[in-house]
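What follows is a set of notes on a single structure, which appears directly below.
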Amino acid sequence: MSEDRTKASAIEDGRFRLLIDAVIDYAIYMIDPDGIITSWNAGAKRFKGYEEAEILGQHFSRFYTEEDRLRGLPQRALDTAIHEGRFEGEGWRIRKDGTRFWCHVVIDPILDPSGKLLGFAKITRDLTDRKMAEEVLKQSEQQFRLLVQSVTDYAIYMLDANGRLTNWNPGAQRIKGYMPEEVIGQHFSMFYTPEDREAGEPQRTLSIAVREGRFENKGWRLRKDGTRFMAHVVVDPIWGDTGTLLGFAKITRDITESTLAQQNLEKTREALFQAQKMQAIGQLSGGIAHDFNNLLTVILGNLEIVRKRVGEDSKITRLLDNATQGALRGVSLTQRMLAFARRQELKTESVEVPKLVESITGLLRSSLGPSVVLETRFPPELEPALADVNQLELAVLNLVTNSRDAMPHGGTIVISARSEGAEDQSSLSQLTGRYVCLSISDTGEGMDATTLAMAMDPFFTTKGVGKGTGLGLSMVHGFIEQLGGRFILKSEKDQGTTAELWIPVATQGSAARPVPEEAASPVSRLCVLVVDDDSLVLTSTCMLLEDLGHRVVSSVSGEEALKVFDSEKAIDLVITDMAMPHMNGAELAQAIRKIKPGLPIILATGYAERLEGFAIELPRLSKPFSQLNLVEIIASTMK
């Protein structure tokens with residue numbers, strides 16, 4: 001029976017040995033109580049490199065590194081196995097060829113039934129690939145951590161799944177002003193404005209990031225000191241291998257400067273667009289007014305001649321009066337268009353603004369009605385302004401009337417003034433020197449942003465049909481711009497309106513020279529050369545002059561007028577239109593002066609052209625003109 005047991009045990013031992021030898025992924029071998037190797041399997045041979053004959057009888061410490069042997073780790077491993085019943089650990093080991101590999105080691109003591117130590121069973125597994133992967137990952141994480149910590153232009157930090165901060169980089173510290181210990185563990189909503197927190201913006205951010213895989217937006221955020229900055233924010237969700245939401249990666253960039261720069265650029269573009277629009281409309285308005293003035297010259301001139309020849313028929317006289325009144329309304333309209341286009345004739349002089357306003361206060365009060373209170377506030381020593389008195393009075397009347405119309409149920413209008421340097425006012429960009437700001441403020445209905453943006457456009461009006469031309473504010477704008485100043489409107493809906501007229505301060509010697517008022521004395525019969533490229537204006541002017549008893553020679557161009565001098569030697573006076581093709585009135589006048597230096601020349605003009613040289617000194621006849629205007633300018637020219 002014992003013999004059978006012995007055979008069975010031998011068979012079992014043989015099978016066990018075959019099993020161990022068949023394992024190639026683990027090194028499984030036995031060592032005696034002194035650490036001498038007594039068995040060796042195929043797995044040990046595969047990744048340690050030793051044949052069984054080479055290694056049996058050797059001490060297992062040969063697989064350890066030199067530094068581990070010096071530290072006594074081999075013996076410590078055996079002692080741990082004896083005292084604790086098992087040793088398990090990881091570490092570097094040496095192959096036969098001298099290369100290192102990372103392994104997981106298990107050592108179990110083998111005891112007989114009496115408890116005597118027979119040796120140790122040692123199992124080693126090669127984990128080099130896993131260790132290298134861990135090292136690469138660790139190195140990558142360290143590099144990433146160093147990268148994030150070195151970034152100062154971006155706030156880069158992590159949130160847990162509930163939105164609480166788990167780390168904080170120097171960029172976040174620089175941009176938001178908090179130290180790491182002040183924010184880690186806090187909810188990221190602390191950086192949002194109160195209105196965004198109340199609107200649920202922080203939670204919406206995380207929800208969108210989870211739902212769409214990313215959140216990106218711009219918005220105002222708060223620094224530690226309470227100041228706001230414009231932030232560009234990106235939030236990405238972080239998912240675990242099992243699909244569990246681990247948290248969020250959040251990157252914030254401070255784009256305040258670029259945002260403000262973009263806003264300033266947009267404002268500049270809008271201002272440029274408005275300036276170009278106003279310039280284009282001004283050119284169009286000036287051209288229309290010029291042509292319209294020519295038509296009015298013809299109409300008024302012919303009406304004047306007809307009136308002299310119709311006799312005393314009251315019905316016809318009334319028709320002529322109506323036609324004349326209609327034409328004069330047209331004159332007023334063209335003057336407003338020319339004012340907007342900055343092409344009206346201005347007679348600038350030093351103006352005491354308080355005195356000017358005081359002189360028309362009675363007229364203003366009578367037009368406002370009892371429900372409107374008019375106040376004036378002027379400092380005691382206000383500098384004089386350089387302006388055209390008549391046009392400035394008209395501008396004030398216009399603005400006060402607008403204020404009255406904006407207060408149908410009554411209110412208060414305040415006219416005030418102050419003087420300041422252009423450099424002290426951001427609204428006076430590109431202007432230099434000192435300016436008088438004449439301000440008209442009301443407590444009326446005010447204007448919304450859309451209406452305010454169009455208020456100075458010509459023909460734009462909020463009044464009913466037939467209650468306004470829409471040229472009032474555009475006229476004021478053109479007049480002030482022509483003076484070299486600026487017209488600024490400020491208004492909010494239901495908060496009233498303030499109109500500011502920034503007019504250049506008058507310098508010494510800028511006062512207008514007084515013109516002596518003398519009655520126009522009749523001029524003896526003259527030979528007058530009339531030059532105009534518009535045949536209707538030419539005919540009308542000739543008729544008015546002939547009616548005054550003058551002999552008239554006409555010409556439709558500057559070139560033709562010069563030829564007249566070859567046949568007409570007795571010309572006493574030249575009246576020429578300014579705006580003509582090929583050769584304008586100023587060029588014609590210069591050519592005539594070379595032929596006949598002392599010949600009187602009058603320039604007829606529909607608007608204020610820019611003149612140079614001696615043409616500036618020539619007398620000017622503004623269109624439309626009457627026969628009386630012709631008499632007066634001829635008399636003053638022929639003195």
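We name chains A, B, ... following the order of the structure tokens; residues begin at 1 in each chain, and ligands are numbered from 1 as shown.
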
Write out as a PyMOL selection string each polymer residue whose atoms come within 8 Å of region 91-103 of chain A, counting only C-alpha atoms; drop sequence neighbours fewer than 4 positions from it. chain A and resi 47-50+62-65+124-128+131

Could you take the residues named above and write them with C-alpha atoms, as a PDB file, in the first residue's frame?
ATOM      1  CA  PHE A  47      12.998  36.380 -19.500  1.00  0.00           C
ATOM      2  CA  LYS A  48      16.085  35.998 -17.256  1.00  0.00           C
ATOM      3  CA  GLY A  49      18.196  34.405 -19.970  1.00  0.00           C
ATOM      4  CA  TYR A  50      19.874  31.634 -17.947  1.00  0.00           C
ATOM      5  CA  ARG A  62      22.450  37.650  -8.525  1.00  0.00           C
ATOM      6  CA  PHE A  63      19.244  38.846 -10.170  1.00  0.00           C
ATOM      7  CA  TYR A  64      19.190  41.994  -8.010  1.00  0.00           C
ATOM      8  CA  THR A  65      20.852  45.281  -8.953  1.00  0.00           C
ATOM      9  CA  THR A 124       8.563  36.492 -10.791  1.00  0.00           C
ATOM     10  CA  ARG A 125       6.576  38.260 -13.519  1.00  0.00           C
ATOM     11  CA  ASP A 126       8.121  40.621 -16.086  1.00  0.00           C
ATOM     12  CA  LEU A 127       6.227  43.969 -15.931  1.00  0.00           C
ATOM     13  CA  THR A 128       8.745  46.005 -17.904  1.00  0.00           C
ATOM     14  CA  LYS A 131       6.427  49.998 -16.016  1.00  0.00           C
TER      15      LYS A 131
END

Excluding region 347-359 of chain A and its own-chain neighbours fewer than 3 positions away, which residues fall within 9 Å of it when counting only C-alpha atoms? Please give them as JSON, numbers by chain. {"A": [362, 363, 376, 377, 378, 382, 383, 384, 385, 386, 387, 388, 389, 390, 392, 393, 396, 415, 416, 417, 436, 438, 483, 505, 506, 507, 508, 509, 510, 511, 512, 513]}

Please extract the residues of region 358-464 of chain A with a backbone DSSP assignment of alpha helix (DSSP H) and present them as a VMD selection string. chain A and resid 358 to 359 361 to 368 389 to 405 449 to 454

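CA of Thr244 (chain A) is found 20.7 Å from CA of Phe188 (chain A).
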
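Considering only C-alpha atoms, the residue among A:Ala635, A:Met475, A:Leu489, A:Ala579 positioned nearest to Asp448 (chain A) is A:Leu489.
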
With only C-alpha atoms as the basis for distance, which of A:Leu603, A:Ile37, A:Val400, A:Ala449 is at the shortest distance from Gly57 (chain A)? A:Ile37

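Across the structure, CA of Gln425 (chain A) and CA of Gly411 (chain A) are spaced 28.9 Å apart.
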
One decimal, in Å: what's the spacing between CA of Gly43 (chain A) and CA of Glu88 (chain A)?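 That distance, rounded to one decimal, is 18.7 Å.
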
Who sits within 10 Å of region 74-79 of chain A, only C-alpha atoms, same chain under 5 positions skipped, as a list in words: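 Selected residues are Pro33, Asp34, Gly35, His59, Phe60, Ser61, Arg62, Phe63, Tyr64, Asp68, Arg69, Glu84, Gly85, Arg86, Phe87, Glu88, Gly89, Val105, Val106, Ile107, Asp108, Pro109, Gly119 and Phe120 of chain A.
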
Please provide the set of residues having any atom within 8 Å of Ser626 (chain A), restricted to only C-alpha atoms, with same-chain residues fewer than 6 positions apart removed, written as a VMD selection string. chain A and resid 297 300 to 301 304

Keeping only C-alpha atoms, write those residues as a PDB file, in the first residue's frame.
ATOM      1  CA  THR A 297     -33.075 133.613 -60.001  1.00  0.00           C
ATOM      2  CA  LEU A 300     -37.904 135.936 -59.270  1.00  0.00           C
ATOM      3  CA  GLY A 301     -36.307 138.005 -62.029  1.00  0.00           C
ATOM      4  CA  GLU A 304     -40.159 141.304 -61.072  1.00  0.00           C
TER       5      GLU A 304
END
